[in-house]
Amino acid sequence: MIICPWCGTNYIDFQSNCKNCGGPLQAVAETSANSAPDESLPTPPPAPRPISDKYIWRLLFADGWAITAFVFGLLGLIFALVGGGLIVGIITAFVGIPFFLLGIAFLGAGGGIMIWRYQQAQKIVNVLRVGQATQGQVVELQENYSVSVNGQHPWEIRYQFQAGGQDHAGQVTTLNQPGPKLQVGKPVCVLYLPTDAQWNSIYPHP
Ligand SMILES: [Zn+2]
């Protein structure tokens, strides 16, 4: 059985790309059965890795900012439509105009944040595609109770690693509860952009 290292989907037969998230899958090496897999860190396939743009949406789904922005935008749209409807029925325009303006403001704020988060997610996908691998360490694990997605709270995993002789910190958010390999003090494989190490992620993505 093959488990997608990017999203955790299970496959019985080997395929080059995950159908769920588009991430590249690796054939299970014959030798890995003999060595203890828990001792060694997983190593990503060499760059560039073909990761689908669908992965961006997967990241946004676990992102508190993006979810809040989406709700704001949706409320804004409803307000703008209701306000617009009231303006058309001229008699109530004095109620409709503030409704409409509030809706536009919400829609603008939500849309702006969505674009910002989308660009962030795009950069993370770029890290997963072309990033360089190194070893890091988990330093903090936190469940974010202020955000809820389908009754689940996202986990924030903070980690440290070294690149170009400097210490760097990073963080990933996931809806999956971190397993025994992702506990504080555990080594993790970190992917980062050699040109700008502030863009990084851990591999496999939890
Ligand atoms: Zn996948």
# chains A, B, ... in the order shown; residues from 1 in each chain; ligands from 1

$ residues_around --residues "A:Gln160" --least-positions-apart "2" --cutoff "8 Å" --atoms "only C-alpha atoms" --output "JSON list (two decimals) with N, CA and C atoms, in the first residue's frame"
[["chain", "number", "residue", "atom", "x", "y", "z"],
["A", 136, "GLY", "N", 15.05, 19.59, 10.41],
["A", 136, "GLY", "CA", 14.66, 20.57, 11.41],
["A", 136, "GLY", "C", 14.12, 19.87, 12.63],
["A", 137, "GLN", "N", 13.53, 20.64, 13.52],
["A", 137, "GLN", "CA", 13.01, 20.07, 14.76],
["A", 137, "GLN", "C", 11.69, 20.73, 15.14],
["A", 138, "VAL", "N", 10.74, 19.93, 15.60],
["A", 138, "VAL", "CA", 9.46, 20.47, 16.06],
["A", 138, "VAL", "C", 9.69, 21.17, 17.40],
["A", 139, "VAL", "N", 9.23, 22.43, 17.52],
["A", 139, "VAL", "CA", 9.43, 23.15, 18.78],
["A", 139, "VAL", "C", 8.12, 23.44, 19.51],
["A", 158, "ARG", "N", 4.90, 24.29, 14.95],
["A", 158, "ARG", "CA", 6.03, 25.20, 14.76],
["A", 158, "ARG", "C", 7.32, 24.41, 14.80],
["A", 162, "GLN", "N", 17.97, 25.08, 10.18],
["A", 162, "GLN", "CA", 19.07, 25.95, 9.80],
["A", 162, "GLN", "C", 19.22, 25.97, 8.29],
["A", 167, "ASP", "N", 19.50, 30.46, 11.79],
["A", 167, "ASP", "CA", 18.32, 29.76, 12.32],
["A", 167, "ASP", "C", 17.07, 30.33, 11.68],
["A", 168, "HIS", "N", 16.16, 29.45, 11.33],
["A", 168, "HIS", "CA", 14.89, 29.89, 10.77],
["A", 168, "HIS", "C", 13.77, 29.16, 11.51],
["A", 169, "ALA", "N", 12.62, 29.80, 11.53],
["A", 169, "ALA", "CA", 11.46, 29.18, 12.15],
["A", 169, "ALA", "C", 10.36, 29.08, 11.10],
["A", 170, "GLY", "N", 9.51, 28.10, 11.26],
["A", 170, "GLY", "CA", 8.41, 27.96, 10.33],
["A", 170, "GLY", "C", 7.21, 27.38, 11.04]]

$ closest_atom_pairs --of "chain A" --to "ligand 1" --cutoff "10 Å" --atoms "only C-alpha atoms and all ligand atoms" --output "JSON lines"
{"residue": "A:Ile3", "atom": "CA", "partner": "ligand 1", "partner_atom_place_in_ligand_line": "1 (Zn)", "distance": 8.0}
{"residue": "A:Cys4", "atom": "CA", "partner": "ligand 1", "partner_atom_place_in_ligand_line": "1 (Zn)", "distance": 4.7}
{"residue": "A:Pro5", "atom": "CA", "partner": "ligand 1", "partner_atom_place_in_ligand_line": "1 (Zn)", "distance": 6.6}
{"residue": "A:Trp6", "atom": "CA", "partner": "ligand 1", "partner_atom_place_in_ligand_line": "1 (Zn)", "distance": 4.9}
{"residue": "A:Cys7", "atom": "CA", "partner": "ligand 1", "partner_atom_place_in_ligand_line": "1 (Zn)", "distance": 4.1}
{"residue": "A:Gly8", "atom": "CA", "partner": "ligand 1", "partner_atom_place_in_ligand_line": "1 (Zn)", "distance": 5.9}
{"residue": "A:Thr9", "atom": "CA", "partner": "ligand 1", "partner_atom_place_in_ligand_line": "1 (Zn)", "distance": 5.5}
{"residue": "A:Asn10", "atom": "CA", "partner": "ligand 1", "partner_atom_place_in_ligand_line": "1 (Zn)", "distance": 8.4}
{"residue": "A:Tyr11", "atom": "CA", "partner": "ligand 1", "partner_atom_place_in_ligand_line": "1 (Zn)", "distance": 9.8}
{"residue": "A:Asn17", "atom": "CA", "partner": "ligand 1", "partner_atom_place_in_ligand_line": "1 (Zn)", "distance": 7.8}
{"residue": "A:Cys18", "atom": "CA", "partner": "ligand 1", "partner_atom_place_in_ligand_line": "1 (Zn)", "distance": 4.6}
{"residue": "A:Lys19", "atom": "CA", "partner": "ligand 1", "partner_atom_place_in_ligand_line": "1 (Zn)", "distance": 6.6}
{"residue": "A:Asn20", "atom": "CA", "partner": "ligand 1", "partner_atom_place_in_ligand_line": "1 (Zn)", "distance": 5.0}
{"residue": "A:Cys21", "atom": "CA", "partner": "ligand 1", "partner_atom_place_in_ligand_line": "1 (Zn)", "distance": 4.2}
{"residue": "A:Gly22", "atom": "CA", "partner": "ligand 1", "partner_atom_place_in_ligand_line": "1 (Zn)", "distance": 5.9}
{"residue": "A:Gly23", "atom": "CA", "partner": "ligand 1", "partner_atom_place_in_ligand_line": "1 (Zn)", "distance": 5.3}
{"residue": "A:Pro24", "atom": "CA", "partner": "ligand 1", "partner_atom_place_in_ligand_line": "1 (Zn)", "distance": 7.8}
{"residue": "A:Leu25", "atom": "CA", "partner": "ligand 1", "partner_atom_place_in_ligand_line": "1 (Zn)", "distance": 8.0}
{"residue": "A:Ile51", "atom": "CA", "partner": "ligand 1", "partner_atom_place_in_ligand_line": "1 (Zn)", "distance": 9.3}
{"residue": "A:Ser52", "atom": "CA", "partner": "ligand 1", "partner_atom_place_in_ligand_line": "1 (Zn)", "distance": 9.8}
{"residue": "A:Tyr55", "atom": "CA", "partner": "ligand 1", "partner_atom_place_in_ligand_line": "1 (Zn)", "distance": 8.5}
{"residue": "A:Arg58", "atom": "CA", "partner": "ligand 1", "partner_atom_place_in_ligand_line": "1 (Zn)", "distance": 9.9}
{"residue": "A:His205", "atom": "CA", "partner": "ligand 1", "partner_atom_place_in_ligand_line": "1 (Zn)", "distance": 9.4}

$ residues_around --residues "A:Pro194" --least-positions-apart "6" --cutoff "8 Å" --atoms "only C-alpha atoms" --output "ChimeraX atom specification"
/A:131-132,163-164

$ closest_residue --among "A:Pro48, A:Leu41, A:Leu175, A:Asp13" --to "A:Arg129" --atoms "only C-alpha atoms"
A:Pro48

$ residues_around --residues "A:Leu86" --least-positions-apart "4" --cutoff "9 Å" --atoms "only C-alpha atoms" --output "list of chain:residue names"
A:Leu81, A:Val82, A:Ile90, A:Ile91, A:Thr92, A:Ala93, A:Phe94, A:Val95, A:Gly96, A:Ile97, A:Phe99, A:Phe100

$ write_last_selection --atoms "C-alpha atoms" --output "tab-separated table (two decimals), in the first residue's frame"
chain	number	residue	atom	x	y	z
A	81	LEU	CA	-27.56	41.91	-2.77
A	82	VAL	CA	-30.17	42.72	-0.12
A	90	ILE	CA	-36.84	53.22	-4.23
A	91	ILE	CA	-39.03	53.83	-1.20
A	92	THR	CA	-36.59	51.96	1.08
A	93	ALA	CA	-33.41	53.32	-0.52
A	94	PHE	CA	-32.40	55.10	2.67
A	95	VAL	CA	-32.17	51.65	4.30
A	96	GLY	CA	-30.77	49.99	1.19
A	97	ILE	CA	-27.78	52.30	0.64
A	99	PHE	CA	-26.78	47.96	3.65
A	100	PHE	CA	-25.28	47.96	0.19

$ select_by_dssp --residues "stretch 60-156 of chain A" --states "strand (DSSP E or B)" --output "number ranges by chain"
A: 132-143, 149, 152, 155-156

$ write_last_selection --atoms "C-alpha atoms" --output "mmCIF file, in the first residue's frame"
data_model
loop_
_atom_site.group_PDB
_atom_site.id
_atom_site.type_symbol
_atom_site.label_atom_id
_atom_site.label_comp_id
_atom_site.auth_asym_id
_atom_site.auth_seq_id
_atom_site.Cartn_x
_atom_site.Cartn_y
_atom_site.Cartn_z
ATOM 1 C CA GLN A 132 15.557 22.180 -0.772
ATOM 2 C CA ALA A 133 15.324 19.545 1.960
ATOM 3 C CA THR A 134 17.050 19.792 5.331
ATOM 4 C CA GLN A 135 16.526 18.510 8.855
ATOM 5 C CA GLY A 136 14.657 20.569 11.408
ATOM 6 C CA GLN A 137 13.013 20.067 14.765
ATOM 7 C CA VAL A 138 9.458 20.471 16.061
ATOM 8 C CA VAL A 139 9.435 23.149 18.777
ATOM 9 C CA GLU A 140 5.754 23.719 19.468
ATOM 10 C CA LEU A 141 2.448 22.031 18.896
ATOM 11 C CA GLN A 142 -0.839 23.841 19.421
ATOM 12 C CA GLU A 143 -4.473 23.201 18.675
ATOM 13 C CA VAL A 149 -13.661 23.510 10.417
ATOM 14 C CA GLN A 152 -12.362 20.141 13.987
ATOM 15 C CA TRP A 155 -3.259 22.211 14.588
ATOM 16 C CA GLU A 156 -0.359 24.591 14.376
#

$ residues_around --residues "A:Lys123" --least-positions-apart "3" --cutoff "12 Å" --atoms "only C-alpha atoms" --output "PyMOL selection string"
chain A and resi 53+55-56+59+116-120+126-131+192-193+196-201

$ write_last_selection --atoms "C-alpha atoms" --output "PDB file, in the first residue's frame"
ATOM      1  CA  ASP A  53      -2.603  23.766  -8.073  1.00  0.00           C
ATOM      2  CA  TYR A  55      -3.104  21.710  -3.396  1.00  0.00           C
ATOM      3  CA  ILE A  56      -3.489  25.469  -2.848  1.00  0.00           C
ATOM      4  CA  LEU A  59      -3.958  24.537   2.234  1.00  0.00           C
ATOM      5  CA  TRP A 116      -3.412  37.533   0.265  1.00  0.00           C
ATOM      6  CA  ARG A 117      -3.897  34.006   1.679  1.00  0.00           C
ATOM      7  CA  TYR A 118      -4.109  32.531  -1.814  1.00  0.00           C
ATOM      8  CA  GLN A 119      -0.753  34.075  -2.691  1.00  0.00           C
ATOM      9  CA  GLN A 120       0.731  32.723   0.549  1.00  0.00           C
ATOM     10  CA  ASN A 126       6.175  26.471  -4.749  1.00  0.00           C
ATOM     11  CA  VAL A 127       8.295  25.461  -1.731  1.00  0.00           C
ATOM     12  CA  LEU A 128       6.940  21.914  -1.981  1.00  0.00           C
ATOM     13  CA  ARG A 129       7.679  21.895  -5.709  1.00  0.00           C
ATOM     14  CA  VAL A 130      11.234  23.222  -5.780  1.00  0.00           C
ATOM     15  CA  GLY A 131      12.326  23.604  -2.131  1.00  0.00           C
ATOM     16  CA  TYR A 192      12.724  25.653   2.072  1.00  0.00           C
ATOM     17  CA  LEU A 193      13.564  28.046  -0.732  1.00  0.00           C
ATOM     18  CA  ASP A 196      14.452  32.981   0.747  1.00  0.00           C
ATOM     19  CA  ALA A 197      14.272  30.540   3.657  1.00  0.00           C
ATOM     20  CA  GLN A 198      11.310  32.316   5.241  1.00  0.00           C
ATOM     21  CA  TRP A 199       9.300  30.279   2.727  1.00  0.00           C
ATOM     22  CA  ASN A 200       9.323  26.773   4.108  1.00  0.00           C
ATOM     23  CA  SER A 201       7.192  23.804   5.009  1.00  0.00           C
TER      24      SER A 201
END

$ select_by_dssp --residues "stretch 41-112 of chain A" --states "alpha helix (DSSP H)" --output "PDB file with N, CA and C atoms, in the first residue's frame"
ATOM      1  N   LYS A  54      -4.391  22.339  -7.245  1.00  0.00           N
ATOM      2  CA  LYS A  54      -5.476  21.981  -6.320  1.00  0.00           C
ATOM      3  C   LYS A  54      -5.000  22.001  -4.873  1.00  0.00           C
ATOM      4  N   TYR A  55      -3.706  21.758  -4.720  1.00  0.00           N
ATOM      5  CA  TYR A  55      -3.104  21.710  -3.396  1.00  0.00           C
ATOM      6  C   TYR A  55      -3.265  23.041  -2.664  1.00  0.00           C
ATOM      7  N   ILE A  56      -3.297  24.134  -3.421  1.00  0.00           N
ATOM      8  CA  ILE A  56      -3.489  25.469  -2.848  1.00  0.00           C
ATOM      9  C   ILE A  56      -4.790  25.505  -2.056  1.00  0.00           C
ATOM     10  N   TRP A  57      -5.843  24.908  -2.620  1.00  0.00           N
ATOM     11  CA  TRP A  57      -7.157  24.931  -1.965  1.00  0.00           C
ATOM     12  C   TRP A  57      -7.152  24.069  -0.727  1.00  0.00           C
ATOM     13  N   ARG A  58      -6.371  22.992  -0.782  1.00  0.00           N
ATOM     14  CA  ARG A  58      -6.249  22.136   0.382  1.00  0.00           C
ATOM     15  C   ARG A  58      -5.614  22.927   1.530  1.00  0.00           C
ATOM     16  N   LEU A  59      -4.618  23.726   1.211  1.00  0.00           N
ATOM     17  CA  LEU A  59      -3.958  24.537   2.234  1.00  0.00           C
ATOM     18  C   LEU A  59      -4.913  25.593   2.766  1.00  0.00           C
ATOM     19  N   LEU A  60      -5.691  26.218   1.877  1.00  0.00           N
ATOM     20  CA  LEU A  60      -6.610  27.279   2.289  1.00  0.00           C
ATOM     21  C   LEU A  60      -7.709  26.737   3.197  1.00  0.00           C
ATOM     22  N   PHE A  61      -8.071  25.483   2.992  1.00  0.00           N
ATOM     23  CA  PHE A  61      -9.124  24.876   3.786  1.00  0.00           C
ATOM     24  C   PHE A  61      -8.759  24.759   5.262  1.00  0.00           C
ATOM     25  N   GLY A  64      -7.107  29.461   8.946  1.00  0.00           N
ATOM     26  CA  GLY A  64      -8.082  30.259   9.687  1.00  0.00           C
ATOM     27  C   GLY A  64      -8.389  31.589   9.025  1.00  0.00           C
ATOM     28  N   TRP A  65      -7.340  32.253   8.518  1.00  0.00           N
ATOM     29  CA  TRP A  65      -7.523  33.541   7.846  1.00  0.00           C
ATOM     30  C   TRP A  65      -8.425  33.398   6.623  1.00  0.00           C
ATOM     31  N   ALA A  66      -8.134  32.377   5.827  1.00  0.00           N
ATOM     32  CA  ALA A  66      -8.888  32.191   4.590  1.00  0.00           C
ATOM     33  C   ALA A  66     -10.351  31.885   4.887  1.00  0.00           C
ATOM     34  N   ILE A  67     -10.594  31.076   5.926  1.00  0.00           N
ATOM     35  CA  ILE A  67     -11.971  30.706   6.268  1.00  0.00           C
ATOM     36  C   ILE A  67     -12.739  31.935   6.747  1.00  0.00           C
ATOM     37  N   THR A  68     -12.095  32.732   7.622  1.00  0.00           N
ATOM     38  CA  THR A  68     -12.726  33.955   8.115  1.00  0.00           C
ATOM     39  C   THR A  68     -13.045  34.891   6.949  1.00  0.00           C
ATOM     40  N   ALA A  69     -12.061  35.034   6.050  1.00  0.00           N
ATOM     41  CA  ALA A  69     -12.250  35.926   4.901  1.00  0.00           C
ATOM     42  C   ALA A  69     -13.399  35.451   4.028  1.00  0.00           C
ATOM     43  N   PHE A  70     -13.508  34.137   3.881  1.00  0.00           N
ATOM     44  CA  PHE A  70     -14.575  33.578   3.054  1.00  0.00           C
ATOM     45  C   PHE A  70     -15.945  33.889   3.655  1.00  0.00           C
ATOM     46  N   VAL A  71     -16.060  33.716   4.972  1.00  0.00           N
ATOM     47  CA  VAL A  71     -17.331  34.005   5.650  1.00  0.00           C
ATOM     48  C   VAL A  71     -17.672  35.497   5.510  1.00  0.00           C
ATOM     49  N   PHE A  72     -16.673  36.356   5.719  1.00  0.00           N
ATOM     50  CA  PHE A  72     -16.851  37.806   5.563  1.00  0.00           C
ATOM     51  C   PHE A  72     -17.329  38.151   4.155  1.00  0.00           C
ATOM     52  N   GLY A  73     -16.650  37.575   3.176  1.00  0.00           N
ATOM     53  CA  GLY A  73     -16.993  37.849   1.785  1.00  0.00           C
ATOM     54  C   GLY A  73     -18.416  37.428   1.458  1.00  0.00           C
ATOM     55  N   LEU A  74     -18.796  36.260   2.004  1.00  0.00           N
ATOM     56  CA  LEU A  74     -20.140  35.728   1.760  1.00  0.00           C
ATOM     57  C   LEU A  74     -21.195  36.630   2.392  1.00  0.00           C
ATOM     58  N   LEU A  75     -20.939  37.050   3.644  1.00  0.00           N
ATOM     59  CA  LEU A  75     -21.853  37.981   4.320  1.00  0.00           C
ATOM     60  C   LEU A  75     -21.961  39.279   3.517  1.00  0.00           C
ATOM     61  N   GLY A  76     -20.808  39.760   3.045  1.00  0.00           N
ATOM     62  CA  GLY A  76     -20.769  40.986   2.258  1.00  0.00           C
ATOM     63  C   GLY A  76     -21.614  40.872   1.008  1.00  0.00           C
ATOM     64  N   LEU A  77     -21.515  39.724   0.351  1.00  0.00           N
ATOM     65  CA  LEU A  77     -22.273  39.487  -0.875  1.00  0.00           C
ATOM     66  C   LEU A  77     -23.775  39.531  -0.586  1.00  0.00           C
ATOM     67  N   ILE A  78     -24.176  38.855   0.510  1.00  0.00           N
ATOM     68  CA  ILE A  78     -25.598  38.832   0.880  1.00  0.00           C
ATOM     69  C   ILE A  78     -26.080  40.251   1.193  1.00  0.00           C
ATOM     70  N   PHE A  79     -25.294  40.986   2.004  1.00  0.00           N
ATOM     71  CA  PHE A  79     -25.648  42.371   2.357  1.00  0.00           C
ATOM     72  C   PHE A  79     -25.778  43.228   1.096  1.00  0.00           C
ATOM     73  N   ALA A  80     -24.806  43.080   0.199  1.00  0.00           N
ATOM     74  CA  ALA A  80     -24.806  43.897  -1.017  1.00  0.00           C
ATOM     75  C   ALA A  80     -26.032  43.591  -1.871  1.00  0.00           C
ATOM     76  N   LEU A  81     -26.395  42.295  -1.969  1.00  0.00           N
ATOM     77  CA  LEU A  81     -27.559  41.906  -2.770  1.00  0.00           C
ATOM     78  C   LEU A  81     -28.851  42.424  -2.145  1.00  0.00           C
ATOM     79  N   VAL A  82     -28.965  42.242  -0.822  1.00  0.00           N
ATOM     80  CA  VAL A  82     -30.170  42.723  -0.120  1.00  0.00           C
ATOM     81  C   VAL A  82     -30.260  44.243  -0.242  1.00  0.00           C
ATOM     82  N   GLY A  83     -29.113  44.907   0.009  1.00  0.00           N
ATOM     83  CA  GLY A  83     -29.065  46.372  -0.096  1.00  0.00           C
ATOM     84  C   GLY A  83     -29.433  46.836  -1.490  1.00  0.00           C
ATOM     85  N   GLY A  84     -28.864  46.135  -2.496  1.00  0.00           N
ATOM     86  CA  GLY A  84     -29.154  46.477  -3.888  1.00  0.00           C
ATOM     87  C   GLY A  84     -30.627  46.328  -4.189  1.00  0.00           C
ATOM     88  N   GLY A  85     -31.227  45.251  -3.672  1.00  0.00           N
ATOM     89  CA  GLY A  85     -32.657  45.011  -3.862  1.00  0.00           C
ATOM     90  C   GLY A  85     -33.492  46.113  -3.243  1.00  0.00           C
ATOM     91  N   LEU A  86     -33.077  46.554  -2.048  1.00  0.00           N
ATOM     92  CA  LEU A  86     -33.814  47.610  -1.352  1.00  0.00           C
ATOM     93  C   LEU A  86     -33.696  48.941  -2.089  1.00  0.00           C
ATOM     94  N   ILE A  87     -32.513  49.184  -2.676  1.00  0.00           N
ATOM     95  CA  ILE A  87     -32.317  50.444  -3.411  1.00  0.00           C
ATOM     96  C   ILE A  87     -33.233  50.480  -4.633  1.00  0.00           C
ATOM     97  N   VAL A  88     -33.353  49.322  -5.298  1.00  0.00           N
ATOM     98  CA  VAL A  88     -34.209  49.240  -6.481  1.00  0.00           C
ATOM     99  C   VAL A  88     -35.663  49.540  -6.103  1.00  0.00           C
ATOM    100  N   ALA A  93     -34.810  53.087  -0.158  1.00  0.00           N
ATOM    101  CA  ALA A  93     -33.409  53.316  -0.522  1.00  0.00           C
ATOM    102  C   ALA A  93     -32.581  53.825   0.653  1.00  0.00           C
ATOM    103  N   PHE A  94     -33.178  54.577   1.536  1.00  0.00           N
ATOM    104  CA  PHE A  94     -32.397  55.104   2.670  1.00  0.00           C
ATOM    105  C   PHE A  94     -31.930  53.977   3.592  1.00  0.00           C
ATOM    106  N   VAL A  95     -32.637  52.828   3.564  1.00  0.00           N
ATOM    107  CA  VAL A  95     -32.175  51.652   4.297  1.00  0.00           C
ATOM    108  C   VAL A  95     -31.206  50.858   3.427  1.00  0.00           C
ATOM    109  N   GLY A  96     -31.536  50.801   2.127  1.00  0.00           N
ATOM    110  CA  GLY A  96     -30.768  49.993   1.187  1.00  0.00           C
ATOM    111  C   GLY A  96     -29.339  50.465   1.003  1.00  0.00           C
ATOM    112  N   ILE A  97     -29.129  51.783   0.936  1.00  0.00           N
ATOM    113  CA  ILE A  97     -27.785  52.301   0.643  1.00  0.00           C
ATOM    114  C   ILE A  97     -26.756  51.900   1.717  1.00  0.00           C
ATOM    115  N   PRO A  98     -27.032  52.141   3.006  1.00  0.00           N
ATOM    116  CA  PRO A  98     -26.040  51.691   3.993  1.00  0.00           C
ATOM    117  C   PRO A  98     -25.810  50.169   3.974  1.00  0.00           C
ATOM    118  N   PHE A  99     -26.884  49.416   3.767  1.00  0.00           N
ATOM    119  CA  PHE A  99     -26.783  47.964   3.650  1.00  0.00           C
ATOM    120  C   PHE A  99     -25.827  47.590   2.527  1.00  0.00           C
ATOM    121  N   PHE A 100     -26.065  48.226   1.381  1.00  0.00           N
ATOM    122  CA  PHE A 100     -25.281  47.955   0.189  1.00  0.00           C
ATOM    123  C   PHE A 100     -23.808  48.306   0.404  1.00  0.00           C
ATOM    124  N   LEU A 101     -23.559  49.493   0.998  1.00  0.00           N
ATOM    125  CA  LEU A 101     -22.182  49.944   1.212  1.00  0.00           C
ATOM    126  C   LEU A 101     -21.461  49.030   2.195  1.00  0.00           C
ATOM    127  N   LEU A 102     -22.174  48.620   3.249  1.00  0.00           N
ATOM    128  CA  LEU A 102     -21.590  47.706   4.232  1.00  0.00           C
ATOM    129  C   LEU A 102     -21.224  46.386   3.555  1.00  0.00           C
ATOM    130  N   GLY A 103     -22.152  45.929   2.717  1.00  0.00           N
ATOM    131  CA  GLY A 103     -21.907  44.683   1.989  1.00  0.00           C
ATOM    132  C   GLY A 103     -20.668  44.771   1.116  1.00  0.00           C
ATOM    133  N   ILE A 104     -20.540  45.884   0.377  1.00  0.00           N
ATOM    134  CA  ILE A 104     -19.378  46.083  -0.495  1.00  0.00           C
ATOM    135  C   ILE A 104     -18.096  46.123   0.330  1.00  0.00           C
ATOM    136  N   ALA A 105     -18.155  46.787   1.498  1.00  0.00           N
ATOM    137  CA  ALA A 105     -16.974  46.881   2.362  1.00  0.00           C
ATOM    138  C   ALA A 105     -16.555  45.479   2.841  1.00  0.00           C
ATOM    139  N   PHE A 106     -17.519  44.689   3.287  1.00  0.00           N
ATOM    140  CA  PHE A 106     -17.243  43.311   3.738  1.00  0.00           C
ATOM    141  C   PHE A 106     -16.665  42.478   2.596  1.00  0.00           C
ATOM    142  N   LEU A 107     -17.305  42.621   1.455  1.00  0.00           N
ATOM    143  CA  LEU A 107     -16.882  41.850   0.280  1.00  0.00           C
ATOM    144  C   LEU A 107     -15.446  42.227  -0.096  1.00  0.00           C
ATOM    145  N   GLY A 108     -15.148  43.519  -0.042  1.00  0.00           N
ATOM    146  CA  GLY A 108     -13.803  43.989  -0.372  1.00  0.00           C
ATOM    147  C   GLY A 108     -12.770  43.474   0.609  1.00  0.00           C
ATOM    148  N   ALA A 109     -13.097  43.559   1.924  1.00  0.00           N
ATOM    149  CA  ALA A 109     -12.160  43.105   2.953  1.00  0.00           C
ATOM    150  C   ALA A 109     -11.936  41.593   2.837  1.00  0.00           C
ATOM    151  N   GLY A 110     -13.047  40.849   2.707  1.00  0.00           N
ATOM    152  CA  GLY A 110     -12.938  39.392   2.583  1.00  0.00           C
ATOM    153  C   GLY A 110     -12.156  38.998   1.342  1.00  0.00           C
ATOM    154  N   GLY A 111     -12.466  39.656   0.228  1.00  0.00           N
ATOM    155  CA  GLY A 111     -11.779  39.355  -1.029  1.00  0.00           C
ATOM    156  C   GLY A 111     -10.293  39.672  -0.952  1.00  0.00           C
ATOM    157  N   GLY A 112      -9.958  40.802  -0.315  1.00  0.00           N
ATOM    158  CA  GLY A 112      -8.551  41.195  -0.185  1.00  0.00           C
ATOM    159  C   GLY A 112      -7.756  40.173   0.617  1.00  0.00           C
TER     160      GLY A 112
END

$ closest_residue --among "A:Gln26, A:Met114, A:Gln177, A:Val184" --to "A:Pro42" --atoms "only C-alpha atoms"
A:Gln26
